[in-house]
>>> print(open('protein17.cif').read())   # mmCIF, C-alpha atoms
data_target
loop_
_atom_site.label_atom_id
_atom_site.label_comp_id
_atom_site.auth_asym_id
_atom_site.auth_seq_id
_atom_site.Cartn_x
_atom_site.Cartn_y
_atom_site.Cartn_z
CA MET A 21 -14.21 0.41 -15.99
CA TYR A 22 -16.08 3.59 -15.03
CA ARG A 23 -16.12 7.34 -15.57
CA LEU A 24 -17.05 10.19 -13.23
CA ARG A 25 -18.80 13.34 -14.36
CA ALA A 26 -19.92 16.23 -12.21
CA ALA A 27 -23.60 16.03 -11.32
CA VAL A 28 -25.98 18.76 -12.51
CA ALA A 29 -29.49 19.68 -11.36
CA SER A 30 -31.16 17.45 -13.97
CA ASP A 31 -29.40 14.41 -12.43
CA ALA A 32 -31.31 14.71 -9.13
CA GLY A 33 -34.00 12.22 -10.16
CA PHE A 34 -31.49 9.60 -11.28
CA LEU A 35 -29.37 10.03 -8.15
CA ALA A 36 -32.42 9.47 -5.98
CA GLU A 37 -33.33 6.36 -7.98
CA VAL A 38 -29.88 4.79 -7.70
CA VAL A 39 -29.78 5.37 -3.93
CA LEU A 40 -33.22 3.80 -3.55
CA SER A 41 -32.36 0.84 -5.78
CA ALA A 42 -29.13 0.09 -3.93
CA THR A 43 -30.73 0.46 -0.50
CA ARG A 44 -33.79 -1.59 -1.47
CA ALA A 45 -31.58 -4.39 -2.83
CA GLN A 46 -29.87 -4.54 0.58
CA GLY A 47 -33.24 -4.79 2.36
CA ARG A 48 -32.55 -1.67 4.41
CA LEU A 49 -35.52 0.63 3.63
CA GLY A 50 -37.46 -0.47 6.70
CA ASP A 51 -41.14 -0.45 7.55
CA GLY A 52 -43.02 2.81 7.24
CA PHE A 53 -40.62 4.28 4.69
CA ASP A 54 -42.28 7.32 3.03
CA GLU A 55 -40.76 7.29 -0.45
CA LEU A 56 -42.43 10.48 -1.69
CA GLU A 57 -41.28 12.51 1.31
CA TRP A 58 -37.78 11.06 1.04
CA ARG A 59 -37.52 11.88 -2.69
CA GLN A 60 -38.53 15.49 -2.07
CA GLY A 61 -35.96 15.91 0.70
CA PHE A 62 -33.27 14.13 -1.30
CA ALA A 63 -33.82 16.37 -4.34
CA GLU A 64 -33.43 19.51 -2.21
CA TRP A 65 -30.32 18.13 -0.54
CA THR A 66 -28.84 17.11 -3.91
CA LEU A 67 -29.26 20.63 -5.31
CA GLU A 68 -27.59 22.05 -2.18
CA SER A 69 -24.69 19.63 -2.64
CA ILE A 70 -24.25 20.64 -6.30
CA GLU A 71 -24.04 24.30 -5.31
CA ASP A 72 -21.79 23.70 -2.26
CA PRO A 73 -18.17 24.56 -3.22
CA GLY A 74 -16.88 22.24 -0.49
CA THR A 75 -18.64 19.16 -1.90
CA GLU A 76 -18.02 17.18 -5.06
CA LEU A 77 -21.05 15.27 -6.34
CA TYR A 78 -20.60 12.90 -9.27
CA VAL A 79 -22.58 10.59 -11.48
CA VAL A 80 -20.77 7.29 -11.95
CA GLU A 81 -21.05 6.14 -15.56
CA VAL A 82 -20.49 2.51 -16.55
CA ASP A 83 -20.53 1.45 -20.19
CA GLU A 84 -21.32 5.11 -20.99
CA ARG A 85 -24.58 5.00 -18.98
CA PRO A 86 -25.39 6.50 -15.54
CA ALA A 87 -24.99 3.76 -12.96
CA GLY A 88 -24.07 5.28 -9.61
CA ARG A 89 -23.57 8.21 -7.27
CA LEU A 90 -20.43 9.47 -5.55
CA ARG A 91 -20.14 12.33 -3.06
CA VAL A 92 -16.71 13.46 -1.79
CA SER A 93 -15.38 16.38 0.23
CA ARG A 94 -11.75 17.40 0.69
CA THR A 95 -10.16 19.58 3.36
CA PRO A 96 -6.51 20.15 4.35
CA GLU A 97 -7.03 17.58 7.13
CA VAL A 98 -8.98 14.75 5.45
CA VAL A 99 -10.49 13.33 2.28
CA GLU A 100 -14.02 12.23 3.14
CA LEU A 101 -16.13 9.76 1.19
CA ASN A 102 -19.60 11.12 1.98
CA GLY A 103 -21.49 8.53 -0.02
CA ILE A 104 -21.20 5.95 -2.78
CA GLN A 105 -24.06 3.94 -4.28
CA LEU A 106 -24.06 1.76 -7.37
CA HIS A 107 -27.10 0.34 -9.13
CA PRO A 108 -27.48 -3.40 -8.38
CA ASP A 109 -26.99 -4.16 -12.08
CA VAL A 110 -23.34 -3.02 -11.94
CA GLN A 111 -22.42 -4.21 -8.47
CA ASN A 112 -19.88 -7.00 -7.86
CA ARG A 113 -17.75 -5.85 -10.80
CA GLY A 114 -15.01 -4.21 -8.74
CA ILE A 115 -16.20 -0.68 -9.53
CA GLY A 116 -16.70 0.36 -5.92
CA THR A 117 -13.28 -0.99 -5.01
CA ALA A 118 -11.70 0.88 -7.92
CA ILE A 119 -13.34 4.16 -6.90
CA ILE A 120 -12.26 3.80 -3.27
CA THR A 121 -8.73 2.82 -4.31
CA THR A 122 -8.51 6.01 -6.37
CA LEU A 123 -9.61 8.03 -3.33
CA GLN A 124 -6.97 6.25 -1.26
CA GLU A 125 -4.34 7.28 -3.78
CA ASP A 126 -5.57 10.87 -3.56
CA ALA A 127 -5.40 10.78 0.24
CA VAL A 128 -1.85 9.39 0.06
CA ARG A 129 -0.77 12.19 -2.25
CA ARG A 130 -2.31 14.79 0.06
CA GLY A 131 -0.77 13.17 3.14
CA VAL A 132 -4.14 12.95 4.93
CA PRO A 133 -6.47 10.10 5.98
CA LEU A 134 -9.49 8.93 4.00
CA GLN A 135 -12.62 8.84 6.15
CA LEU A 136 -16.20 7.65 5.74
CA SER A 137 -19.27 6.67 7.74
CA VAL A 138 -21.16 3.40 7.35
CA GLU A 139 -24.54 2.40 8.75
CA ARG A 140 -24.36 -0.38 11.31
CA ASP A 141 -27.09 -2.25 9.41
CA ASN A 142 -25.00 -2.35 6.21
CA PRO A 143 -22.66 -5.35 6.72
CA ASN A 144 -21.80 -5.71 3.03
CA ALA A 145 -20.36 -2.21 2.82
CA ARG A 146 -18.52 -2.69 6.12
CA ARG A 147 -16.87 -5.87 4.84
CA LEU A 148 -15.66 -4.02 1.74
CA TYR A 149 -14.23 -1.14 3.73
CA GLU A 150 -12.52 -3.42 6.23
CA ARG A 151 -11.02 -5.45 3.39
CA LEU A 152 -9.61 -2.20 2.00
CA GLY A 153 -7.94 -1.39 5.33
CA PHE A 154 -10.44 0.94 7.06
CA VAL A 155 -10.71 0.82 10.85
CA LYS A 156 -13.39 2.15 13.18
CA VAL A 157 -12.44 5.41 14.92
CA GLY A 158 -15.79 6.64 16.27
CA GLU A 159 -19.57 6.65 16.15
CA GLU A 160 -22.15 9.16 14.90
CA GLY A 161 -25.75 8.20 15.59
CA ALA A 162 -26.56 4.98 13.74
CA GLU A 163 -23.26 5.07 11.84
CA ASP A 164 -19.69 4.06 12.57
CA VAL A 165 -16.88 6.37 11.46
CA LEU A 166 -14.13 4.48 9.61
CA ARG A 167 -10.72 5.80 8.65
CA TRP A 168 -7.93 4.70 6.33
CA THR A 169 -4.52 6.13 7.17
CA LYS A 170 -2.02 3.80 5.54
CA GLY A 171 0.52 5.81 3.65
CA VAL A 172 0.32 8.98 5.71
CA GLU A 173 3.22 8.08 7.98
CA GLN A 174 5.20 6.44 5.18
CA ASN A 175 4.85 9.57 3.06
CA ARG A 176 6.19 11.60 5.96
CA LEU A 177 9.18 9.27 6.20
CA TRP A 178 9.77 8.98 2.45
CA ASN A 179 9.03 12.57 1.56
CA ALA A 180 10.20 14.71 -1.35
CA ASP A 181 13.48 15.67 0.33
CA VAL A 182 14.35 12.03 1.05
CA ALA A 183 13.32 10.92 -2.43
CA ALA A 184 15.40 13.66 -4.08
CA ARG A 185 18.61 12.46 -2.45
CA TYR A 186 17.79 8.74 -2.35
CA ASP A 187 19.64 7.81 -5.54
CA THR A 188 23.43 7.69 -5.28
CA PRO A 189 24.49 6.82 -8.84
CA ASP A 190 27.41 4.38 -9.11
CA THR A 191 27.97 4.24 -5.35
CA GLY A 192 26.56 2.26 -2.42
CA MET A 193 23.55 0.18 -3.30
CA PHE A 194 23.51 1.86 -6.75
CA ALA A 195 27.00 0.62 -7.60
CA ALA A 196 27.32 -1.57 -10.68
CA ASP A 197 28.75 -4.48 -8.68
CA VAL A 198 25.59 -4.40 -6.51
CA ILE A 199 22.95 -3.80 -9.20
CA GLY A 200 24.45 -6.18 -11.77
CA PRO A 201 24.17 -9.45 -9.80
CA THR A 202 20.76 -8.38 -8.46
CA VAL A 203 19.08 -7.88 -11.81
CA ASP A 204 20.85 -10.86 -13.41
CA ARG A 205 19.51 -13.16 -10.70
CA LEU A 206 16.01 -11.66 -10.82
CA LYS A 207 15.88 -12.06 -14.60
CA GLU A 208 16.79 -15.73 -14.17
CA LEU A 209 14.09 -16.21 -11.51
CA ALA A 210 11.45 -14.47 -13.65
CA ALA A 211 11.94 -17.33 -16.13
CA GLY A 212 10.75 -15.33 -19.12
CA GLY A 213 7.62 -14.00 -17.40
CA ARG A 214 6.49 -10.74 -15.83
CA ALA A 215 7.97 -9.37 -12.60
CA LEU A 216 6.34 -7.27 -9.89
CA GLU A 217 8.37 -5.26 -7.37
CA PHE A 218 6.79 -4.52 -4.01
CA ALA A 219 7.89 -1.05 -2.78
CA ILE A 220 9.46 -0.19 -6.13
CA GLY A 221 10.75 3.16 -4.84
CA THR A 222 12.75 5.21 -7.33
CA GLY A 223 13.33 2.18 -9.54
CA ARG A 224 16.86 1.31 -8.37
CA VAL A 225 16.27 -2.33 -9.40
CA ALA A 226 13.19 -2.09 -11.61
CA VAL A 227 14.68 0.24 -14.22
CA PRO A 228 17.79 -1.85 -15.01
CA LEU A 229 15.72 -5.05 -14.81
CA ALA A 230 13.33 -3.64 -17.40
CA GLU A 231 16.32 -2.71 -19.55
CA LEU A 232 17.24 -6.42 -19.57
CA GLY A 233 13.91 -7.13 -21.24
CA VAL A 234 11.88 -8.24 -18.21
CA PRO A 235 8.36 -6.71 -18.15
CA VAL A 236 8.28 -5.01 -14.74
CA SER A 237 5.40 -3.53 -12.74
CA GLY A 238 5.43 -2.10 -9.24
CA ILE A 239 3.56 -1.18 -6.08
CA GLU A 240 4.66 1.92 -4.15
CA LEU A 241 3.20 3.82 -1.22
CA SER A 242 5.40 6.93 -1.31
CA THR A 243 4.25 9.29 -4.04
CA ALA A 244 7.50 11.27 -3.72
CA MET A 245 9.56 8.15 -4.49
CA LEU A 246 7.19 7.32 -7.32
CA ASP A 247 7.66 10.78 -8.83
CA GLN A 248 11.41 10.12 -8.97
CA LEU A 249 10.81 6.80 -10.72
CA ARG A 250 8.48 8.33 -13.28
CA ALA A 251 11.05 11.01 -14.04
CA LYS A 252 13.49 8.24 -14.97
CA ASN A 253 11.09 5.79 -16.60
CA GLY A 254 7.46 6.67 -17.13
CA SER A 255 6.59 3.40 -18.86
CA ILE A 256 6.76 1.12 -15.80
CA PRO A 257 3.18 0.65 -14.51
CA VAL A 258 2.88 1.27 -10.77
CA ALA A 259 -0.09 0.84 -8.42
CA VAL A 260 -0.06 3.36 -5.58
CA GLY A 261 -0.64 1.67 -2.24
CA ASP A 262 0.49 -0.65 0.52
CA MET A 263 2.44 -3.75 -0.53
CA ALA A 264 0.49 -5.83 2.01
CA THR A 265 -2.93 -5.14 0.45
CA THR A 266 -2.71 -3.34 -2.91
CA ARG A 267 -3.45 -5.34 -6.06
CA ALA A 268 -1.55 -4.62 -9.26
CA PRO A 269 -3.21 -5.66 -12.54
CA GLY A 270 -2.14 -8.91 -14.15
CA GLU A 271 -0.41 -12.15 -13.22
CA PHE A 272 3.32 -12.58 -12.65
CA THR A 273 5.95 -15.30 -12.50
CA LEU A 274 8.05 -13.29 -10.03
CA VAL A 275 7.31 -10.95 -7.13
CA TYR A 276 10.31 -9.50 -5.32
CA LEU A 277 11.17 -7.31 -2.32
CA VAL A 278 14.70 -5.95 -2.05
CA TYR A 279 16.86 -4.17 0.51
CA ASN A 280 15.02 -5.17 3.70
CA THR A 281 11.78 -3.49 2.66
CA ILE A 282 9.46 -6.11 4.15
CA SER A 283 10.67 -4.94 7.58
CA ASN A 284 8.99 -1.56 6.92
CA LEU A 285 5.75 -3.37 7.78
CA LEU A 286 5.71 -3.00 11.55
CA THR A 287 3.49 -5.91 12.62
CA GLN A 288 3.67 -9.64 12.07
CA GLU A 289 0.11 -9.53 10.71
CA GLU A 290 1.08 -7.06 7.97
CA GLN A 291 4.15 -9.09 7.06
CA VAL A 292 2.06 -12.25 6.70
CA ALA A 293 -0.43 -10.24 4.63
CA CYS A 294 2.47 -9.22 2.38
CA PHE A 295 3.22 -12.88 1.64
CA ARG A 296 -0.44 -13.52 0.90
CA ASN A 297 -0.55 -10.50 -1.38
CA ALA A 298 2.46 -11.86 -3.27
CA ALA A 299 0.67 -15.20 -3.65
CA ARG A 300 -2.40 -13.43 -5.10
CA HIS A 301 -0.25 -11.92 -7.83
CA LEU A 302 1.65 -15.06 -8.84
CA SER A 303 0.83 -17.73 -11.35
CA PRO A 304 1.07 -21.33 -10.04
CA GLY A 305 4.69 -22.17 -9.36
CA GLY A 306 5.70 -18.50 -9.33
CA ARG A 307 8.44 -17.19 -7.05
CA PHE A 308 8.54 -14.63 -4.25
CA VAL A 309 12.06 -13.30 -3.56
CA ILE A 310 13.02 -11.39 -0.41
CA GLU A 311 16.32 -9.66 0.38
CA LEU A 312 16.56 -9.18 4.14
CA TRP A 313 19.12 -8.60 6.84
CA VAL A 314 19.67 -11.04 9.72
CA PRO A 315 18.90 -9.37 13.09
CA GLU A 316 22.19 -8.39 14.74
CA LEU A 317 21.25 -9.14 18.33
CA ARG A 318 24.56 -10.91 18.94
CA ARG A 319 26.18 -7.47 18.64
CA LEU A 320 23.88 -6.02 21.30
CA PRO A 321 25.68 -5.86 24.68
CA PRO A 322 23.60 -6.71 27.78
CA GLY A 323 21.81 -3.61 29.00
CA ILE A 324 22.74 -1.58 25.90
CA PRO A 325 19.79 -1.09 23.51
CA ALA A 326 21.72 0.19 20.49
CA THR A 327 24.39 -0.75 17.97
CA VAL A 328 26.45 1.36 15.58
CA GLY A 329 26.09 -0.05 12.11
CA ILE A 330 28.13 2.46 10.10
CA ALA A 331 30.54 5.17 11.24
CA ASP A 332 31.84 7.07 8.20
CA PRO A 333 33.14 10.66 8.17
CA GLY A 334 29.84 12.00 6.81
CA TYR A 335 27.38 9.41 8.06
CA ILE A 336 26.59 7.42 11.21
CA LEU A 337 23.95 4.69 11.44
CA LEU A 338 22.70 3.92 14.94
CA ASP A 339 20.09 1.16 15.51
CA THR A 340 18.01 1.06 18.70
CA TYR A 341 16.21 -2.18 19.57
CA ASP A 342 12.97 -3.11 21.27
CA VAL A 343 13.48 -6.86 21.59
CA LEU A 344 10.01 -7.50 23.04
CA ARG A 345 8.26 -6.27 19.91
CA GLN A 346 11.08 -7.13 17.48
CA HIS A 347 11.28 -3.47 16.55
CA VAL A 348 14.36 -1.52 15.58
CA VAL A 349 14.63 2.17 14.71
CA SER A 350 17.48 3.16 12.42
CA HIS A 351 18.82 6.64 13.17
CA HIS A 352 20.61 8.16 10.17
CA PHE A 353 22.99 11.02 11.06
CA HIS A 354 24.33 12.94 8.05
CA PHE A 355 27.17 15.41 8.59
CA GLY A 356 28.35 18.24 6.43
CA GLU A 357 31.04 20.75 7.14
CA GLY A 358 31.09 22.30 10.60
CA THR A 359 29.12 20.99 13.56
CA GLU A 360 25.62 20.72 12.10
CA ALA A 361 23.98 17.37 11.30
CA THR A 362 20.65 16.11 10.01
CA LEU A 363 18.80 13.17 11.51
CA GLY A 364 16.36 10.83 9.83
CA ARG A 365 14.64 7.86 11.47
CA THR A 366 13.16 4.73 9.90
CA PRO A 367 11.27 2.11 11.96
CA HIS A 368 11.40 -1.61 11.17
CA ARG A 369 10.18 -4.93 12.48
CA TYR A 370 12.99 -7.45 12.16
CA ILE A 371 12.29 -11.04 11.14
CA TRP A 372 14.30 -14.16 11.84
CA PRO A 373 14.80 -16.45 8.81
CA ALA A 374 12.80 -19.24 10.50
CA GLU A 375 9.90 -16.85 11.16
CA LEU A 376 10.04 -15.71 7.54
CA ASP A 377 9.77 -19.34 6.40
CA LEU A 378 6.68 -19.86 8.56
CA MET A 379 5.07 -16.74 7.07
CA ALA A 380 5.74 -18.24 3.66
CA GLN A 381 4.08 -21.52 4.61
CA LEU A 382 0.96 -19.68 5.81
CA ALA A 383 0.65 -18.15 2.32
CA GLY A 384 1.22 -21.41 0.42
CA PHE A 385 4.94 -21.04 -0.32
CA THR A 386 7.87 -23.37 0.24
CA LEU A 387 11.51 -22.30 0.52
CA GLU A 388 13.32 -23.04 -2.74
CA SER A 389 16.73 -21.57 -1.89
CA ARG A 390 18.53 -19.24 0.48
CA HIS A 391 21.89 -17.60 -0.21
CA ALA A 392 23.94 -14.89 1.44
CA ASP A 393 23.85 -12.59 -1.59
CA TRP A 394 22.67 -12.25 -5.19
CA SER A 395 25.74 -14.13 -6.45
CA ASN A 396 24.57 -17.31 -4.64
CA THR A 397 27.23 -17.29 -1.93
CA PRO A 398 26.32 -20.00 0.62
CA PHE A 399 24.29 -18.78 3.58
CA THR A 400 25.91 -19.44 6.97
CA ALA A 401 25.33 -18.58 10.63
CA ASP A 402 27.61 -15.57 10.17
CA SER A 403 25.89 -14.15 7.08
CA PRO A 404 24.60 -10.62 7.75
CA SER A 405 21.77 -10.92 5.20
CA HIS A 406 20.09 -13.39 2.89
CA ILE A 407 18.29 -13.77 -0.42
CA SER A 408 15.37 -16.15 0.13
CA VAL A 409 13.46 -17.58 -2.83
CA TYR A 410 10.01 -19.01 -2.14
CA ARG A 411 8.00 -21.08 -4.61
CA LEU A 412 4.20 -21.00 -4.77
CA ALA A 413 2.45 -24.34 -4.90
CA GLY A 414 0.98 -25.55 -8.15
CA ALA A 415 4.01 -25.79 -10.44
#
>>> encode(input="protein17.cif", output="structure tokens")
Amino acid sequence: MYRLRAAVASDAGFLAEVVLSATRAQGRLGDGFDELEWRQGFAEWTLESIEDPGTELYVVEVDERPAGRLRVSRTPEVVELNGIQLHPDVQNRGIGTAIITTLQEDAVRRGVPLQLSVERDNPNARRLYERLGFVKVGEEGAEDVLRWTKGVEQNRLWNADVAARYDTPDTGMFAADVIGPTVDRLKELAAGGRALEFAIGTGRVAVPLAELGVPVSGIELSTAMLDQLRAKNGSIPVAVGDMATTRAPGEFTLVYLVYNTISNLLTQEEQVACFRNAARHLSPGGRFVIELWVPELRRLPPGIPATVGIADPGYILLDTYDVLRQHVVSHHFHFGEGTEATLGRTPHRYIWPAELDLMAQLAGFTLESRHADWSNTPFTADSPSHISVYRLAGA
């Protein structure tokens, strides 16, 4: 779609022209604009940027021709998009979105936010940034400071240490009697088409599903988990980003979310956005499958905000509830020999099945089936979890 090359001194004239063309097309030059004075100042500033070791200045090439300007700076605390302009002839082709998405991936890998400033009189750029998840965090003169931080907290939670010990071959959720029914059912639901896994992780399900002949792609926010997947299978295409907003290339007959992962989105708005993102990826009549636990509030004694889910010799799971916000934090205590233990915490927003169905309706889905497990055991009031299959309209 595009290529970046480092700007050199001879590019100063072109870079000035592309900034002027883009700004003029937006009607933002204003009365009394002195073009000659501006060009002289811009050329000096461009040469300073090229020589500044803390700044990266690029020419954006499209169809092997110069078509835009990109200026970026990186520090241990932030990746900053200092400026991006594309010539009007190449706008509205998704190039700006692709460049910003790449910067988001870089920020995720570094574990820092992506930040930029946008003029208040530039509504088109603001709409793009807000669509990509940026939020206003401050003001500087005539500009608003916007920041994108999705992925930073998730990468702290799902870091390299967690990813390295996540897989438990042949035991727990990696046991053959767990994986087998899961991938068999997903292959059936894919109906001969392509499948997309939201939050693909280390490939617990995706790798064996691909081995059954289903073309599988993924979306994953944790780069540490993704590194583990790529070590096992480097051929599965994965888009780095948030499952509520990130777009993976292509169209699919099946999108699926396993092992309660939708609850990692901590607001109802994000969970609804996840359904809508699934709908964007599906062909008409495609399916969205969610594996999710049923909130265990019946086990919560009055006045006691926690339940013990598992109490094994080397592991204790303690869940603490905030019933007003439908939040639960899972506390994972791992014990070795002696008295020392390690603690990991994962936050969730729990969802009742009826609320999940309403989210589906808002995104254009209808409930096709609900079972207690991947082997199609009937779902009852006592089932601790469910497999819900939603069908997109248009079959």
>>> atom_distance(input="protein17.cif", atom1="atom CA of Ser405 of chain A", atom2="atom CA of Cys294 of chain A")
19.6 Å
>>> closest_residue(input="protein17.cif", among="A:Thr191, A:Gln111, A:Asn297, A:Asn144", to="Val82 of chain A", atoms="only C-alpha atoms")
A:Gln111
>>> closest_residue(input="protein17.cif", among="A:Thr122, A:Arg319, A:Leu35, A:Arg224", to="Ile199 of chain A", atoms="only C-alpha atoms")
A:Arg224
>>> axis_aligned_box(input="protein17.cif", around="segment 183-190 of chain A", padding_each_side="6 Å", output="AutoDock Vina command-line options")
--center_x 20.4 --center_y 9.0 --center_z -5.7 --size_x 26.1 --size_y 21.3 --size_z 18.8
>>> residues_around(input="protein17.cif", residues="Leu387 of chain A", least_positions_apart="2", cutoff="8 Å", atoms="all atoms listed in the file", output="list in words")
Asp377, Ala380, Phe385, Ser389, Arg390, Ser408, Val409, Tyr410 and Arg411 of chain A
>>> resolve_selection(input="protein17.cif", expression="the PyMOL selection byres ((chain A and resi 328) around 12)", output="list in words")
Glu316, Arg319, Leu320, Pro321, Ile324, Pro325, Ala326, Thr327, Gly329, Ile330, Ala331, Asp332, Tyr335, Ile336, Leu337, Leu338, Asp339, Thr340, Tyr341, Val349, Ser350, His351, His352 and Phe353 of chain A
>>> residues_around(input="protein17.cif", residues="Leu216 of chain A", least_positions_apart="3", cutoff="6 Å", atoms="all atoms listed in the file", output="short mmCIF file (atom, residue, chain, number, x, y, z; two decimals) with C-alpha atoms, keeping the file's coordinate frame")
data_model
loop_
_atom_site.label_atom_id
_atom_site.label_comp_id
_atom_site.auth_asym_id
_atom_site.auth_seq_id
_atom_site.Cartn_x
_atom_site.Cartn_y
_atom_site.Cartn_z
CA VAL A 236 8.28 -5.01 -14.74
CA SER A 237 5.40 -3.53 -12.74
CA GLY A 238 5.43 -2.10 -9.24
CA VAL A 275 7.31 -10.95 -7.13
#
>>> residues_around(input="protein17.cif", residues="Ile104 of chain A", least_positions_apart="3", cutoff="9 Å", atoms="all atoms listed in the file", output="PyMOL selection string")
chain A and resi 39+88-92+101+116
>>> residues_around(input="protein17.cif", residues="segment 149-151 of chain A", least_positions_apart="3", cutoff="9 Å", atoms="all atoms listed in the file", output="list in words")
Thr117, Ile120, Asn144, Ala145, Arg146, Phe154, Val155, Lys156, Leu166, Trp168 and Thr265 of chain A
>>> residues_near_point(input="protein17.cif", point="(-12.0, 11.3, 0.3)", cutoff="7 Å", atoms="all atoms listed in the file", output="short mmCIF file (atom, residue, chain, number, x, y, z; two decimals) with C-alpha atoms, keeping the file's coordinate frame")
data_model
loop_
_atom_site.label_atom_id
_atom_site.label_comp_id
_atom_site.auth_asym_id
_atom_site.auth_seq_id
_atom_site.Cartn_x
_atom_site.Cartn_y
_atom_site.Cartn_z
CA VAL A 92 -16.71 13.46 -1.79
CA SER A 93 -15.38 16.38 0.23
CA ARG A 94 -11.75 17.40 0.69
CA VAL A 98 -8.98 14.75 5.45
CA VAL A 99 -10.49 13.33 2.28
CA GLU A 100 -14.02 12.23 3.14
CA LEU A 101 -16.13 9.76 1.19
CA LEU A 123 -9.61 8.03 -3.33
CA ALA A 127 -5.40 10.78 0.24
CA LEU A 134 -9.49 8.93 4.00
CA GLN A 135 -12.62 8.84 6.15
#
>>> atom_distance(input="protein17.cif", atom1="atom CA of Pro404 of chain A", atom2="atom CA of Ala392 of chain A")
7.6 Å
>>> resolve_selection(input="protein17.cif", expression="the PyMOL selection byres ((chain A and resi 371) around 12)", output="MDAnalysis selection string")
chainID A and resid 280:288 291:292 310:317 343 345:348 368:370 372:379 405:406
>>> write_last_selection(input="protein17.cif", atoms="C-alpha atoms", output="short mmCIF file (atom, residue, chain, number, x, y, z; two decimals), in the coordinates of the input")
data_model
loop_
_atom_site.label_atom_id
_atom_site.label_comp_id
_atom_site.auth_asym_id
_atom_site.auth_seq_id
_atom_site.Cartn_x
_atom_site.Cartn_y
_atom_site.Cartn_z
CA ASN A 280 15.02 -5.17 3.70
CA THR A 281 11.78 -3.49 2.66
CA ILE A 282 9.46 -6.11 4.15
CA SER A 283 10.67 -4.94 7.58
CA ASN A 284 8.99 -1.56 6.92
CA LEU A 285 5.75 -3.37 7.78
CA LEU A 286 5.71 -3.00 11.55
CA THR A 287 3.49 -5.91 12.62
CA GLN A 288 3.67 -9.64 12.07
CA GLN A 291 4.15 -9.09 7.06
CA VAL A 292 2.06 -12.25 6.70
CA ILE A 310 13.02 -11.39 -0.41
CA GLU A 311 16.32 -9.66 0.38
CA LEU A 312 16.56 -9.18 4.14
CA TRP A 313 19.12 -8.60 6.84
CA VAL A 314 19.67 -11.04 9.72
CA PRO A 315 18.90 -9.37 13.09
CA GLU A 316 22.19 -8.39 14.74
CA LEU A 317 21.25 -9.14 18.33
CA VAL A 343 13.48 -6.86 21.59
CA ARG A 345 8.26 -6.27 19.91
CA GLN A 346 11.08 -7.13 17.48
CA HIS A 347 11.28 -3.47 16.55
CA VAL A 348 14.36 -1.52 15.58
CA HIS A 368 11.40 -1.61 11.17
CA ARG A 369 10.18 -4.93 12.48
CA TYR A 370 12.99 -7.45 12.16
CA TRP A 372 14.30 -14.16 11.84
CA PRO A 373 14.80 -16.45 8.81
CA ALA A 374 12.80 -19.24 10.50
CA GLU A 375 9.90 -16.85 11.16
CA LEU A 376 10.04 -15.71 7.54
CA ASP A 377 9.77 -19.34 6.40
CA LEU A 378 6.68 -19.86 8.56
CA MET A 379 5.07 -16.74 7.07
CA SER A 405 21.77 -10.92 5.20
CA HIS A 406 20.09 -13.39 2.89
#
>>> residues_near_point(input="protein17.cif", point="(-5.2, 18.0, 2.3)", cutoff="10 Å", atoms="all atoms listed in the file", output="PyMOL selection string")
chain A and resi 94-99+126-133
>>> resolve_selection(input="protein17.cif", expression="the PyMOL selection byres ((chain A and resi 274) around 10)", output="PDB file with C-alpha atoms, in the frame of the given file")
ATOM      1  CA  LEU A 206      16.010 -11.660 -10.820  1.00  0.00           C
ATOM      2  CA  LYS A 207      15.880 -12.060 -14.600  1.00  0.00           C
ATOM      3  CA  GLU A 208      16.790 -15.730 -14.170  1.00  0.00           C
ATOM      4  CA  LEU A 209      14.090 -16.210 -11.510  1.00  0.00           C
ATOM      5  CA  ALA A 210      11.450 -14.470 -13.650  1.00  0.00           C
ATOM      6  CA  ALA A 211      11.940 -17.330 -16.130  1.00  0.00           C
ATOM      7  CA  GLY A 212      10.750 -15.330 -19.120  1.00  0.00           C
ATOM      8  CA  GLY A 213       7.620 -14.000 -17.400  1.00  0.00           C
ATOM      9  CA  ARG A 214       6.490 -10.740 -15.830  1.00  0.00           C
ATOM     10  CA  ALA A 215       7.970  -9.370 -12.600  1.00  0.00           C
ATOM     11  CA  LEU A 216       6.340  -7.270  -9.890  1.00  0.00           C
ATOM     12  CA  GLU A 217       8.370  -5.260  -7.370  1.00  0.00           C
ATOM     13  CA  VAL A 236       8.280  -5.010 -14.740  1.00  0.00           C
ATOM     14  CA  GLU A 271      -0.410 -12.150 -13.220  1.00  0.00           C
ATOM     15  CA  PHE A 272       3.320 -12.580 -12.650  1.00  0.00           C
ATOM     16  CA  THR A 273       5.950 -15.300 -12.500  1.00  0.00           C
ATOM     17  CA  VAL A 275       7.310 -10.950  -7.130  1.00  0.00           C
ATOM     18  CA  TYR A 276      10.310  -9.500  -5.320  1.00  0.00           C
ATOM     19  CA  ALA A 298       2.460 -11.860  -3.270  1.00  0.00           C
ATOM     20  CA  ALA A 299       0.670 -15.200  -3.650  1.00  0.00           C
ATOM     21  CA  HIS A 301      -0.250 -11.920  -7.830  1.00  0.00           C
ATOM     22  CA  LEU A 302       1.650 -15.060  -8.840  1.00  0.00           C
ATOM     23  CA  SER A 303       0.830 -17.730 -11.350  1.00  0.00           C
ATOM     24  CA  GLY A 305       4.690 -22.170  -9.360  1.00  0.00           C
ATOM     25  CA  GLY A 306       5.700 -18.500  -9.330  1.00  0.00           C
ATOM     26  CA  ARG A 307       8.440 -17.190  -7.050  1.00  0.00           C
ATOM     27  CA  PHE A 308       8.540 -14.630  -4.250  1.00  0.00           C
ATOM     28  CA  VAL A 309      12.060 -13.300  -3.560  1.00  0.00           C
ATOM     29  CA  VAL A 409      13.460 -17.580  -2.830  1.00  0.00           C
ATOM     30  CA  TYR A 410      10.010 -19.010  -2.140  1.00  0.00           C
ATOM     31  CA  ARG A 411       8.000 -21.080  -4.610  1.00  0.00           C
TER      32      ARG A 411
END
